[in-house]
>>> print(open('data15.txt').read())   # compact mmCIF, C-alpha atoms
# COMPACT_ATOMS: atom_id res chain seq x y z
CA MET V 4 88.07 82.49 112.72
CA ASN V 5 91.00 80.09 112.43
CA LEU V 6 92.90 80.94 115.62
CA TYR V 7 95.39 78.14 115.10
CA ALA V 8 96.45 79.55 111.72
CA ILE V 9 96.68 83.07 113.12
CA GLY V 10 98.81 81.83 116.01
CA ALA V 11 101.12 79.91 113.67
CA MET V 12 101.75 82.96 111.47
CA TYR V 13 102.16 85.21 114.50
CA ARG V 14 104.66 82.88 116.20
CA SER V 15 106.62 82.43 112.99
CA GLU V 16 107.03 86.19 112.57
CA MET V 17 107.84 86.77 116.23
CA SER V 18 110.49 84.03 116.20
CA ARG V 19 112.55 86.09 113.74
CA PHE V 20 112.40 88.99 116.17
CA PHE V 21 113.51 86.96 119.17
CA ARG V 22 116.33 85.30 117.25
CA THR V 23 117.92 88.75 116.98
CA ILE V 24 116.70 90.03 120.34
CA MET V 25 119.97 91.71 121.27
CA GLN V 26 120.16 93.68 118.04
CA SER V 27 116.46 94.45 118.20
CA PHE V 28 116.75 96.04 121.65
CA ILE V 29 120.31 97.36 121.73
CA SER V 30 119.97 99.26 118.45
CA PRO V 31 117.05 101.48 119.59
CA VAL V 32 118.72 102.08 122.96
CA ILE V 33 121.90 103.30 121.29
CA SER V 34 119.96 105.38 118.76
CA THR V 35 117.84 106.96 121.50
CA SER V 36 120.93 107.75 123.56
CA LEU V 37 122.54 109.44 120.57
CA TYR V 38 119.42 111.50 119.92
CA PHE V 39 119.42 112.66 123.53
CA VAL V 40 123.10 113.55 123.32
CA VAL V 41 122.77 115.42 120.02
CA PHE V 42 119.35 117.01 120.40
CA GLY V 43 119.05 117.13 124.16
CA THR V 44 122.52 118.51 124.78
CA ALA V 45 123.41 120.49 121.67
CA ILE V 46 119.97 121.95 120.95
CA GLY V 47 118.61 121.68 124.49
CA SER V 48 121.39 123.97 125.72
CA ARG V 49 119.96 126.68 123.45
CA ILE V 50 116.26 125.87 123.92
CA ASP V 51 115.49 125.65 127.61
CA GLN V 52 111.78 124.84 127.38
CA VAL V 53 109.06 124.34 124.78
CA ASP V 54 105.56 125.23 125.99
CA GLY V 55 106.73 124.91 129.59
CA VAL V 56 108.32 121.47 129.06
CA SER V 57 112.07 120.89 129.16
CA TYR V 58 113.39 120.25 125.67
CA GLY V 59 114.87 116.88 126.64
CA ALA V 60 111.47 115.63 127.79
CA PHE V 61 109.67 117.34 124.90
CA ILE V 62 111.41 115.22 122.26
CA VAL V 63 110.63 111.87 123.94
CA PRO V 64 107.21 111.36 122.25
CA GLY V 65 108.78 112.30 118.91
CA LEU V 66 111.60 109.80 119.38
CA ILE V 67 109.12 107.05 120.20
CA MET V 68 106.96 107.90 117.18
CA LEU V 69 110.01 108.00 114.89
CA ALA V 70 111.06 104.50 115.94
CA VAL V 71 107.58 102.98 116.13
CA MET V 72 106.45 104.17 112.71
CA GLY V 73 109.64 103.01 111.03
CA GLN V 74 109.80 99.66 112.82
CA ALA V 75 106.12 98.82 112.30
CA THR V 76 106.34 99.62 108.59
CA SER V 77 109.63 97.81 107.99
CA ASN V 78 108.72 94.68 109.95
CA ALA V 79 105.35 94.28 108.26
CA SER V 80 106.65 94.99 104.76
CA PHE V 81 109.56 92.57 105.06
CA GLY V 82 107.35 89.97 106.77
CA VAL V 83 104.95 89.76 103.82
CA PHE V 84 107.50 90.44 101.06
CA PHE V 85 109.77 87.54 102.02
CA PRO V 86 107.04 84.88 101.49
CA LYS V 87 106.31 86.58 98.15
CA PHE V 88 109.99 86.45 97.25
CA THR V 89 110.37 82.77 98.17
CA GLY V 90 106.98 81.74 96.80
CA THR V 91 105.66 80.44 100.11
CA ILE V 92 102.86 82.99 100.02
CA TYR V 93 101.02 80.67 97.63
CA GLU V 94 100.85 78.09 100.39
CA LEU V 95 99.06 80.65 102.55
CA LEU V 96 96.70 81.60 99.73
CA SER V 97 95.81 77.96 99.10
CA ALA V 98 95.42 77.14 102.80
CA PRO V 99 91.99 77.20 104.51
CA VAL V 100 92.53 80.73 105.87
CA ASN V 101 90.93 83.95 104.74
CA PHE V 102 92.65 87.27 104.09
CA LEU V 103 91.63 88.67 107.47
CA GLU V 104 93.41 85.87 109.31
CA ILE V 105 96.56 86.39 107.22
CA VAL V 106 96.51 90.12 107.94
CA ILE V 107 95.97 89.59 111.68
CA GLY V 108 98.91 87.18 111.85
CA PHE V 109 101.43 89.32 109.97
CA VAL V 110 100.24 92.77 111.05
CA GLY V 111 99.77 91.65 114.66
CA ALA V 112 103.37 90.44 114.84
CA ALA V 113 104.75 93.63 113.25
CA ALA V 114 102.69 95.81 115.60
CA THR V 115 103.89 93.80 118.61
CA LYS V 116 107.54 94.23 117.58
CA ALA V 117 107.06 97.99 117.18
CA LEU V 118 105.32 98.15 120.56
CA PHE V 119 108.31 96.43 122.20
CA ILE V 120 110.67 98.95 120.59
CA GLY V 121 108.50 101.87 121.75
CA ALA V 122 108.52 100.51 125.31
CA VAL V 123 112.32 100.13 125.22
CA ILE V 124 112.77 103.72 124.04
CA LEU V 125 110.38 105.01 126.70
CA MET V 126 112.27 103.16 129.43
CA THR V 127 115.60 104.40 128.07
CA SER V 128 114.39 108.00 128.16
CA PHE V 129 113.86 107.80 131.93
CA PHE V 130 117.64 107.56 132.32
CA PHE V 131 118.07 110.94 130.61
CA VAL V 132 115.09 113.09 131.57
CA ASP V 133 112.27 113.29 134.12
CA ILE V 134 108.98 112.40 132.47
CA THR V 135 105.48 112.40 133.88
CA ILE V 136 102.79 110.88 131.67
CA ALA V 137 99.63 112.93 132.12
CA HIS V 138 97.29 110.44 130.40
CA PRO V 139 98.78 106.91 130.56
CA LEU V 140 95.77 105.15 129.02
CA ALA V 141 95.59 107.65 126.17
CA MET V 142 99.34 107.27 125.64
CA LEU V 143 98.97 103.48 125.36
CA ALA V 144 95.99 103.84 123.02
CA PHE V 145 97.84 106.23 120.69
CA LEU V 146 100.88 103.95 120.72
CA LEU V 147 98.84 100.85 119.91
CA LEU V 148 96.91 102.60 117.13
CA THR V 149 100.12 103.93 115.61
CA CYS V 150 101.75 100.49 115.70
CA LEU V 151 98.67 98.94 114.09
CA SER V 152 98.14 101.57 111.40
CA PHE V 153 101.76 101.66 110.23
CA ALA V 154 101.97 97.86 110.32
CA LEU V 155 98.99 97.86 107.95
CA LEU V 156 100.81 100.35 105.74
CA GLY V 157 103.90 98.14 105.81
CA PHE V 158 101.78 95.15 104.77
CA ILE V 159 100.61 97.11 101.73
CA ILE V 160 104.19 98.09 100.88
CA GLY V 161 105.31 94.47 101.14
CA ILE V 162 102.63 93.44 98.63
CA TRP V 163 103.47 96.35 96.33
CA ALA V 164 107.25 95.91 96.38
CA LYS V 165 108.92 93.91 93.61
CA ASN V 166 112.39 93.82 95.20
CA PHE V 167 114.16 94.45 98.50
CA GLU V 168 115.07 98.01 97.48
CA GLN V 169 111.42 98.95 97.14
CA VAL V 170 110.68 97.44 100.56
CA GLN V 171 112.96 100.07 102.13
CA LEU V 172 112.03 102.89 99.76
CA VAL V 173 108.89 104.19 101.48
CA PRO V 174 110.19 104.00 105.09
CA MET V 175 113.43 105.77 104.17
CA LEU V 176 112.24 108.36 101.67
CA VAL V 177 108.68 109.05 102.84
CA ILE V 178 107.98 108.10 106.44
CA THR V 179 111.25 109.26 108.04
CA PRO V 180 111.15 112.74 106.41
CA LEU V 181 107.48 113.13 107.32
CA VAL V 182 108.25 112.29 110.95
CA PHE V 183 111.16 114.74 111.10
CA LEU V 184 108.97 117.44 109.53
CA GLY V 185 105.96 116.48 111.63
CA GLY V 186 106.89 118.25 114.86
CA SER V 187 108.80 115.35 116.39
CA PHE V 188 111.60 117.57 117.69
CA TYR V 189 109.84 120.92 117.75
CA SER V 190 106.42 122.47 118.17
CA ILE V 191 104.86 123.69 114.93
CA SER V 192 103.84 126.83 116.84
CA MET V 193 107.55 127.77 116.69
CA LEU V 194 107.37 127.97 112.88
CA PRO V 195 106.43 131.03 110.80
CA PRO V 196 102.68 131.23 110.05
CA VAL V 197 102.99 129.97 106.48
CA TRP V 198 104.92 126.88 107.59
CA GLN V 199 102.44 126.24 110.39
CA VAL V 200 99.70 125.99 107.78
CA THR V 201 101.87 123.85 105.52
CA SER V 202 102.71 121.48 108.37
CA ARG V 203 99.04 120.71 108.93
CA PHE V 204 99.02 118.87 105.59
CA ASN V 205 101.53 116.44 107.05
CA PRO V 206 99.49 113.55 108.55
CA VAL V 207 102.27 112.69 110.99
CA VAL V 208 101.74 116.05 112.74
CA TYR V 209 98.40 114.81 114.07
CA LEU V 210 99.84 111.54 115.35
CA VAL V 211 102.81 113.16 117.07
CA SER V 212 100.65 115.94 118.50
CA GLY V 213 98.12 113.53 119.98
CA PHE V 214 100.84 111.33 121.42
CA ARG V 215 102.61 114.33 122.94
CA TRP V 216 99.32 115.48 124.48
CA SER V 217 99.09 112.18 126.34
CA PHE V 218 102.44 113.01 127.96
CA PHE V 219 102.23 116.74 128.67
CA ASP V 220 98.54 117.63 128.22
CA GLN V 221 99.57 119.97 125.40
CA ALA V 222 99.04 119.59 121.66
CA ASP V 223 99.66 121.49 118.44
CA VAL V 224 96.31 120.36 117.04
CA PRO V 225 93.09 119.32 118.80
CA VAL V 226 93.20 115.78 120.18
CA GLY V 227 89.93 114.95 118.41
CA LEU V 228 91.55 115.69 115.05
CA SER V 229 94.46 113.45 115.99
CA LEU V 230 92.08 110.57 116.73
CA MET V 231 90.17 111.18 113.50
CA ALA V 232 93.42 111.25 111.53
CA ILE V 233 94.72 107.94 112.87
CA ALA V 234 91.29 106.30 112.59
CA GLY V 235 90.95 107.46 108.99
CA PHE V 236 94.46 106.29 108.14
CA THR V 237 93.86 102.87 109.70
CA GLY V 238 90.51 102.49 107.94
CA GLY V 239 92.02 103.51 104.60
CA CYS V 240 94.80 100.93 104.92
CA MET V 241 92.27 98.20 105.74
CA VAL V 242 90.19 99.07 102.67
CA VAL V 243 93.28 98.90 100.44
CA ILE V 244 94.27 95.50 101.87
CA TRP V 245 90.73 94.19 101.35
CA TRP V 246 90.92 95.33 97.70
CA ILE V 247 94.35 93.70 97.24
CA PHE V 248 93.07 90.31 98.36
CA LYS V 249 89.83 90.66 96.42
CA THR V 250 91.59 91.43 93.15
CA GLY V 251 94.79 89.44 93.78
CA TRP V 252 96.91 92.48 92.86
CA ARG V 253 100.58 91.45 92.94
CA ILE V 254 99.96 88.33 95.00
CA ARG V 255 98.57 85.91 92.42
CA SER V 256 101.08 86.44 89.66
>>> encode(input="data15.txt", output="structure tokens")
Amino acid sequence: MNLYAIGAMYRSEMSRFFRTIMQSFISPVISTSLYFVVFGTAIGSRIDQVDGVSYGAFIVPGLIMLAVMGQATSNASFGVFFPKFTGTIYELLSAPVNFLEIVIGFVGAAATKALFIGAVILMTSFFFVDITIAHPLAMLAFLLLTCLSFALLGFIIGIWAKNFEQVQLVPMLVITPLVFLGGSFYSISMLPPVWQVTSRFNPVVYLVSGFRWSFFDQADVPVGLSLMAIAGFTGGCMVVIWWIFKTGWRIRS
């Protein structure tokens, strides 16, 4: 394992994040504050509690998931697409590093950035609502796995994309709608029976439900299913990345 190469790629990606540190942290704080104002005040005034939890606190895990999934995907996809766009990816492919080391460097940096954003949103939420985390270690584990899995997805998108528009296509048109429809701001038990069944086909439901369980000890789906879902998603992304580097799909031409 070439730790020096991994460190170089990781530091290079993280340096872009720290060069825009104010925008990187201020933007999620403002967005989170707006969500609390709009959802917490407007909707929270009509919905007092959800499953015994105040609505303002109930939406915190969903807000964190919304930001983390989007940031992990976008950072990883842009991080690998830009070297493709400039042609510097060929230097990586010709260097004495294997595909696993490249993935660890890029995906690790994207996951770290998303983890920072998730921590900022969590800290911001304490200014608006009282939150008690029932399972702190489980919360951290779900957060880390989500950052990792969606960074892997972003890496795949960055390889697949042929232009900057396609880099943003999946996060905007697929991930964001799935998060909004995945129980981020409501419990799927509040839906009519047919929509409860339909929602279970949304993979984000399992991630949000497991993450919310770590906060309030309550979940829409069994926690075991949530762990299986995120493990399966992560494993699937890793298999796809292995195939991409084995075949050279869209990286050697």
>>> residues_around(input="data15.txt", residues="segment 192-205 of chain V", least_positions_apart="5", cutoff="8 Å", atoms="all atoms listed in the file", output="CSV table (one decimal) with C-alpha atoms, in the frame of the given file")
chain,number,residue,atom,x,y,z
V,181,LEU,CA,107.5,113.1,107.3
V,184,LEU,CA,109.0,117.4,109.5
V,185,GLY,CA,106.0,116.5,111.6
V,223,ASP,CA,99.7,121.5,118.4
>>> axis_aligned_box(input="data15.txt", around="segment 147-157 of chain V", padding_each_side="5 Å", output="lines of an AutoDock Vina configuration file")
center_x = 100.4
center_y = 100.9
center_z = 112.8
size_x = 17.0
size_y = 16.1
size_z = 24.2
>>> atom_distance(input="data15.txt", atom1="atom CA of Ile50 of chain V", atom2="atom CA of Tyr189 of chain V")
10.2 Å
>>> residues_around(input="data15.txt", residues="Pro174 of chain V", least_positions_apart="2", cutoff="10 Å", atoms="all atoms listed in the file", output="tab-separated table (two decimals) with C-alpha atoms, in the coordinates of the input")
chain	number	residue	atom	x	y	z
V	72	MET	CA	106.45	104.17	112.71
V	73	GLY	CA	109.64	103.01	111.03
V	74	GLN	CA	109.80	99.66	112.82
V	75	ALA	CA	106.12	98.82	112.30
V	76	THR	CA	106.34	99.62	108.59
V	77	SER	CA	109.63	97.81	107.99
V	80	SER	CA	106.65	94.99	104.76
V	157	GLY	CA	103.90	98.14	105.81
V	160	ILE	CA	104.19	98.09	100.88
V	169	GLN	CA	111.42	98.95	97.14
V	170	VAL	CA	110.68	97.44	100.56
V	171	GLN	CA	112.96	100.07	102.13
V	172	LEU	CA	112.03	102.89	99.76
V	176	LEU	CA	112.24	108.36	101.67
V	177	VAL	CA	108.68	109.05	102.84
V	178	ILE	CA	107.98	108.10	106.44
V	179	THR	CA	111.25	109.26	108.04
V	180	PRO	CA	111.15	112.74	106.41
V	181	LEU	CA	107.48	113.13	107.32
>>> residues_around(input="data15.txt", residues="Ser152 of chain V", least_positions_apart="3", cutoff="9 Å", atoms="only C-alpha atoms", output="list in words")
Met72, Ala75, Thr76, Ala114, Leu147, Leu148, Thr149, Leu155, Leu156, Gly157, Ile233, Ala234, Phe236, Thr237, Gly238, Cys240 and Met241 of chain V
>>> write_last_selection(input="data15.txt", atoms="C-alpha atoms", output="mmCIF file, in the frame of the given file")
data_model
loop_
_atom_site.group_PDB
_atom_site.id
_atom_site.type_symbol
_atom_site.label_atom_id
_atom_site.label_comp_id
_atom_site.auth_asym_id
_atom_site.auth_seq_id
_atom_site.Cartn_x
_atom_site.Cartn_y
_atom_site.Cartn_z
ATOM 1 C CA MET V 72 106.450 104.170 112.710
ATOM 2 C CA ALA V 75 106.120 98.820 112.300
ATOM 3 C CA THR V 76 106.340 99.620 108.590
ATOM 4 C CA ALA V 114 102.690 95.810 115.600
ATOM 5 C CA LEU V 147 98.840 100.850 119.910
ATOM 6 C CA LEU V 148 96.910 102.600 117.130
ATOM 7 C CA THR V 149 100.120 103.930 115.610
ATOM 8 C CA LEU V 155 98.990 97.860 107.950
ATOM 9 C CA LEU V 156 100.810 100.350 105.740
ATOM 10 C CA GLY V 157 103.900 98.140 105.810
ATOM 11 C CA ILE V 233 94.720 107.940 112.870
ATOM 12 C CA ALA V 234 91.290 106.300 112.590
ATOM 13 C CA PHE V 236 94.460 106.290 108.140
ATOM 14 C CA THR V 237 93.860 102.870 109.700
ATOM 15 C CA GLY V 238 90.510 102.490 107.940
ATOM 16 C CA CYS V 240 94.800 100.930 104.920
ATOM 17 C CA MET V 241 92.270 98.200 105.740
#
>>> residues_near_point(input="data15.txt", point="(110.3, 116.8, 126.9)", cutoff="12 Å", atoms="all atoms listed in the file", output="PyMOL selection string")
chain V and resi 39+42-43+47+50-67+125+128-129+131-136+187-190+215-216+218-221
>>> residues_around(input="data15.txt", residues="Val226 of chain V", least_positions_apart="3", cutoff="9 Å", atoms="all atoms listed in the file", output="list in words")
Tyr209, Ser212, Gly213, Phe214, Trp216, Ala222, Asp223, Ser229, Leu230 and Met231 of chain V
>>> atom_distance(input="data15.txt", atom1="atom CA of Arg14 of chain V", atom2="atom CA of Gly161 of chain V")
19.0 Å
>>> atom_distance(input="data15.txt", atom1="atom CA of Val182 of chain V", atom2="atom CA of Ile124 of chain V")
16.3 Å
>>> closest_residue(input="data15.txt", among="V:Val106, V:Met126, V:Met4, V:Leu140", to="Pro31 of chain V", atoms="all atoms listed in the file")
V:Met126
>>> closest_residue(input="data15.txt", among="V:Ala70, V:Phe102, V:Leu118, V:Ser15", to="Thr250 of chain V", atoms="all atoms listed in the file")
V:Phe102
>>> closest_residue(input="data15.txt", among="V:Val71, V:Leu6, V:Ile46, V:Val243", to="Phe145 of chain V", atoms="only C-alpha atoms")
V:Val71
>>> residues_near_point(input="data15.txt", point="(96.1, 96.0, 112.9)", cutoff="7 Å", atoms="only C-alpha atoms", output="JSON, numbers by chain")
{"V": [107, 110, 111, 151, 152, 154, 155]}
>>> build_atoms(input="data15.txt", residues="segment 159-173 of chain V", atoms="N, CA and C atoms", output="PDB file, in the frame of the given file")
ATOM      1  N   ILE V 159     100.904  96.662 103.091  1.00  0.00           N
ATOM      2  CA  ILE V 159     100.610  97.110 101.730  1.00  0.00           C
ATOM      3  C   ILE V 159     101.901  97.289 100.931  1.00  0.00           C
ATOM      4  N   ILE V 160     102.904  97.882 101.564  1.00  0.00           N
ATOM      5  CA  ILE V 160     104.190  98.090 100.880  1.00  0.00           C
ATOM      6  C   ILE V 160     104.827  96.760 100.519  1.00  0.00           C
ATOM      7  N   GLY V 161     104.743  95.785 101.426  1.00  0.00           N
ATOM      8  CA  GLY V 161     105.310  94.470 101.140  1.00  0.00           C
ATOM      9  C   GLY V 161     104.638  93.798  99.958  1.00  0.00           C
ATOM     10  N   ILE V 162     103.334  93.981  99.795  1.00  0.00           N
ATOM     11  CA  ILE V 162     102.630  93.440  98.630  1.00  0.00           C
ATOM     12  C   ILE V 162     103.030  94.196  97.371  1.00  0.00           C
ATOM     13  N   TRP V 163     103.154  95.513  97.490  1.00  0.00           N
ATOM     14  CA  TRP V 163     103.470  96.350  96.330  1.00  0.00           C
ATOM     15  C   TRP V 163     104.892  96.150  95.832  1.00  0.00           C
ATOM     16  N   ALA V 164     105.834  95.940  96.735  1.00  0.00           N
ATOM     17  CA  ALA V 164     107.250  95.910  96.380  1.00  0.00           C
ATOM     18  C   ALA V 164     107.579  94.717  95.481  1.00  0.00           C
ATOM     19  N   LYS V 165     108.456  94.963  94.510  1.00  0.00           N
ATOM     20  CA  LYS V 165     108.920  93.910  93.610  1.00  0.00           C
ATOM     21  C   LYS V 165     110.333  93.451  93.945  1.00  0.00           C
ATOM     22  N   ASN V 166     111.031  94.207  94.799  1.00  0.00           N
ATOM     23  CA  ASN V 166     112.390  93.820  95.200  1.00  0.00           C
ATOM     24  C   ASN V 166     112.671  94.399  96.578  1.00  0.00           C
ATOM     25  N   PHE V 167     113.831  94.016  97.150  1.00  0.00           N
ATOM     26  CA  PHE V 167     114.160  94.450  98.500  1.00  0.00           C
ATOM     27  C   PHE V 167     114.394  95.956  98.576  1.00  0.00           C
ATOM     28  N   GLU V 168     114.850  96.565  97.473  1.00  0.00           N
ATOM     29  CA  GLU V 168     115.070  98.010  97.480  1.00  0.00           C
ATOM     30  C   GLU V 168     113.759  98.763  97.670  1.00  0.00           C
ATOM     31  N   GLN V 169     112.713  98.284  97.013  1.00  0.00           N
ATOM     32  CA  GLN V 169     111.420  98.950  97.140  1.00  0.00           C
ATOM     33  C   GLN V 169     110.819  98.756  98.533  1.00  0.00           C
ATOM     34  N   VAL V 170     111.168  97.657  99.199  1.00  0.00           N
ATOM     35  CA  VAL V 170     110.680  97.440 100.560  1.00  0.00           C
ATOM     36  C   VAL V 170     111.145  98.553 101.484  1.00  0.00           C
ATOM     37  N   GLN V 171     112.386  99.026 101.282  1.00  0.00           N
ATOM     38  CA  GLN V 171     112.960 100.070 102.130  1.00  0.00           C
ATOM     39  C   GLN V 171     112.705 101.479 101.609  1.00  0.00           C
ATOM     40  N   LEU V 172     112.171 101.574 100.394  1.00  0.00           N
ATOM     41  CA  LEU V 172     112.030 102.890  99.760  1.00  0.00           C
ATOM     42  C   LEU V 172     111.093 103.810 100.521  1.00  0.00           C
ATOM     43  N   VAL V 173     109.890 103.338 100.824  1.00  0.00           N
ATOM     44  CA  VAL V 173     108.890 104.190 101.480  1.00  0.00           C
ATOM     45  C   VAL V 173     109.307 104.571 102.901  1.00  0.00           C
TER      46      VAL V 173
END
